[in-house]
Every structure is written in structure tokens, then in C-alpha cells.
Amino acid sequence: MKISDLPMLLKNGELTEEEICPVMYAMSLIGQKWKINILWHLADEGPLRYNEIRRGIPPITNVVLAKCMKELTEAGLVHRDQQNDIPPVVVYSLTERGQGLIPILYRIHEWGVEQMRLDVIGAKQTGKIG
């Protein structure tokens with residue numbers, strides 16, 4: 001069993017809530033390489049078009065971004081709004097469920113800033129950077 005199978009197994013009744021670690025379940029929804037970055041951009045910058053998300057995460061490929069967006073939408077964390085303009089416009093935003101992650105995402109951001117600062121201080125102290 002893969003961690004990504006947990007939501008399906010729970011919904012199908014093959015596993016119960018008591019049989020699944022809540023942290024593992026959360027990671028099955030948001031734990032893949034780029035999902036936290038995508039959710040962060042949507043939380044921090046508001047509704048975004050596909051290419052705006054893509055530009056915010058330069059290393060991600062179109063194939064991977066499309067797959068992540070589909071999975072986040074299916075998980076109920078992201079809303080996909082396709083507007084019938086010419087050319088068609090697709091805007092992504094956090095759902096209410098996704099908005100529940102905002103305080104966590106900001107805390108992860110704060111923690112990351114602190115860790116970068118500590119690593120720079122440590123590197124300066126050991127002479128690895130000037």
C-alpha cells in the first residue's frame with residue numbers, strides 16, 4: 001500500500017479512521033514534492049492562473065504541475081474555475097478545506113526563514129561563507 005492510496009482506501013471503507021495515522025493521511029493529500037509550494041503560492045498570493053503558479057515555482061515542469069493541480073482539486077483543497085472567455089481562462093484558488101492550511105503554511109514559512117538564518121550564521125561561524 002502506498003501512502004497516496006490512503007484517501008481512496010478510507011473512502012471505500014477498506015480502512016477505518018482508527019487504522020490510519022492522521023499525519024500519514026495529511027501527507028497523502030499534501031506531501032508530494034511540489035504540493036506544499038503550490039498551496040503556499042495560492043495562500044500567499046490569492047487566486048492564480050496556471051502560468052502564474054508555474055512562474056512562481058520555476059523548477060516544476062508542466063506535466064508535474066498539471067498532475068499536482070488535478071490531485072489537489074480532487075482532494076478538495078483547490079478550486080478550479082474555468083471562465084468561458086476567449087481564450088479560456090482557468091483560475092485556481094484554495095477551497096475552504098484548503099484555507100484550513102493557511103496558518104500551517106505561514107508557520108512552515110516562518111520556520112524556513114529561521115532555519116535559513118541559522119544556517120547562514122553557522123556557515124559564517126565556520127568560515128564557509130564570508
# chains A, B, ... in the order shown; residues from 1 in each chain; ligands from 1
call {"tool": "residues_around", "arguments": {"residues": "Ile3 in chain A", "least_positions_apart": "3", "cutoff": "9 Å", "atoms": "only C-alpha atoms", "output": "count of residues only"}}
result
6
call {"tool": "residues_around", "arguments": {"residues": "Leu77 in chain A", "least_positions_apart": "6", "cutoff": "8 Å", "atoms": "only C-alpha atoms", "output": "list in words"}}
result
Leu94, Thr95, Glu96, Arg97, Gly98 and Gln99 of chain A
call {"tool": "write_last_selection", "arguments": {"atoms": "N, CA and C atoms", "output": "PDB file, in the first residue's frame"}}
result
ATOM      1  N   LEU A  94      -7.770  28.444  -3.229  1.00  0.00           N
ATOM      2  CA  LEU A  94      -7.946  27.479  -2.151  1.00  0.00           C
ATOM      3  C   LEU A  94      -9.429  27.348  -1.811  1.00  0.00           C
ATOM      4  N   THR A  95      -9.858  26.136  -1.593  1.00  0.00           N
ATOM      5  CA  THR A  95     -11.214  25.897  -1.096  1.00  0.00           C
ATOM      6  C   THR A  95     -11.228  26.189   0.404  1.00  0.00           C
ATOM      7  N   GLU A  96     -12.384  26.070   1.012  1.00  0.00           N
ATOM      8  CA  GLU A  96     -12.459  26.232   2.470  1.00  0.00           C
ATOM      9  C   GLU A  96     -11.557  25.216   3.166  1.00  0.00           C
ATOM     10  N   ARG A  97     -11.563  23.997   2.657  1.00  0.00           N
ATOM     11  CA  ARG A  97     -10.689  22.954   3.215  1.00  0.00           C
ATOM     12  C   ARG A  97      -9.222  23.348   3.048  1.00  0.00           C
ATOM     13  N   GLY A  98      -8.866  23.854   1.882  1.00  0.00           N
ATOM     14  CA  GLY A  98      -7.505  24.296   1.632  1.00  0.00           C
ATOM     15  C   GLY A  98      -7.111  25.490   2.485  1.00  0.00           C
ATOM     16  N   GLN A  99      -8.061  26.382   2.736  1.00  0.00           N
ATOM     17  CA  GLN A  99      -7.787  27.560   3.558  1.00  0.00           C
ATOM     18  C   GLN A  99      -7.446  27.172   4.997  1.00  0.00           C
TER      19      GLN A  99
END
call {"tool": "select_by_dssp", "arguments": {"residues": "chain A", "states": "strand (DSSP E)", "output": "list in words"}}
result
Leu48, Arg49, Val78, His79, Arg80, Asp81, Gln82, Gln83, Val89, Val90, Val91, Tyr92, Ser93 and Leu94 of chain A
call {"tool": "residues_around", "arguments": {"residues": "Val78 in chain A", "least_positions_apart": "3", "cutoff": "10 Å", "atoms": "only C-alpha atoms", "output": "number ranges by chain"}}
result
A: 38-39, 42, 47, 69-75, 81, 92-99
call {"tool": "residues_around", "arguments": {"residues": "range 105-112 of chain A", "least_positions_apart": "5", "cutoff": "9 Å", "atoms": "only C-alpha atoms", "output": "PyMOL selection string"}}
result
chain A and resi 36+39-40+43-44+117
call {"tool": "write_last_selection", "arguments": {"atoms": "C-alpha atoms", "output": "PDB file, in the first residue's frame"}}
result
ATOM      1  CA  ILE A  36       3.196  22.493  -0.400  1.00  0.00           C
ATOM      2  CA  LEU A  39      -0.558  25.628  -1.767  1.00  0.00           C
ATOM      3  CA  TRP A  40       1.812  28.278  -0.386  1.00  0.00           C
ATOM      4  CA  ALA A  43      -2.378  31.043   0.159  1.00  0.00           C
ATOM      5  CA  ASP A  44       0.092  33.914  -0.087  1.00  0.00           C
ATOM      6  CA  ARG A 117      19.057  32.377   9.080  1.00  0.00           C
TER       7      ARG A 117
END
call {"tool": "atom_distance", "arguments": {"atom1": "CA of Gly46 in chain A", "atom2": "CA of Ile30 in chain A"}}
result
18.2 Å
call {"tool": "residues_around", "arguments": {"residues": "Val63 in chain A", "least_positions_apart": "4", "cutoff": "12 Å", "atoms": "only C-alpha atoms", "output": "list in words"}}
result
Trp34, Tyr50, Arg54, Pro59, Lys67, Cys68, Met69 and Lys70 of chain A
call {"tool": "atom_distance", "arguments": {"atom1": "CA of Gly76 in chain A", "atom2": "CA of Leu29 in chain A"}}
result
9.5 Å
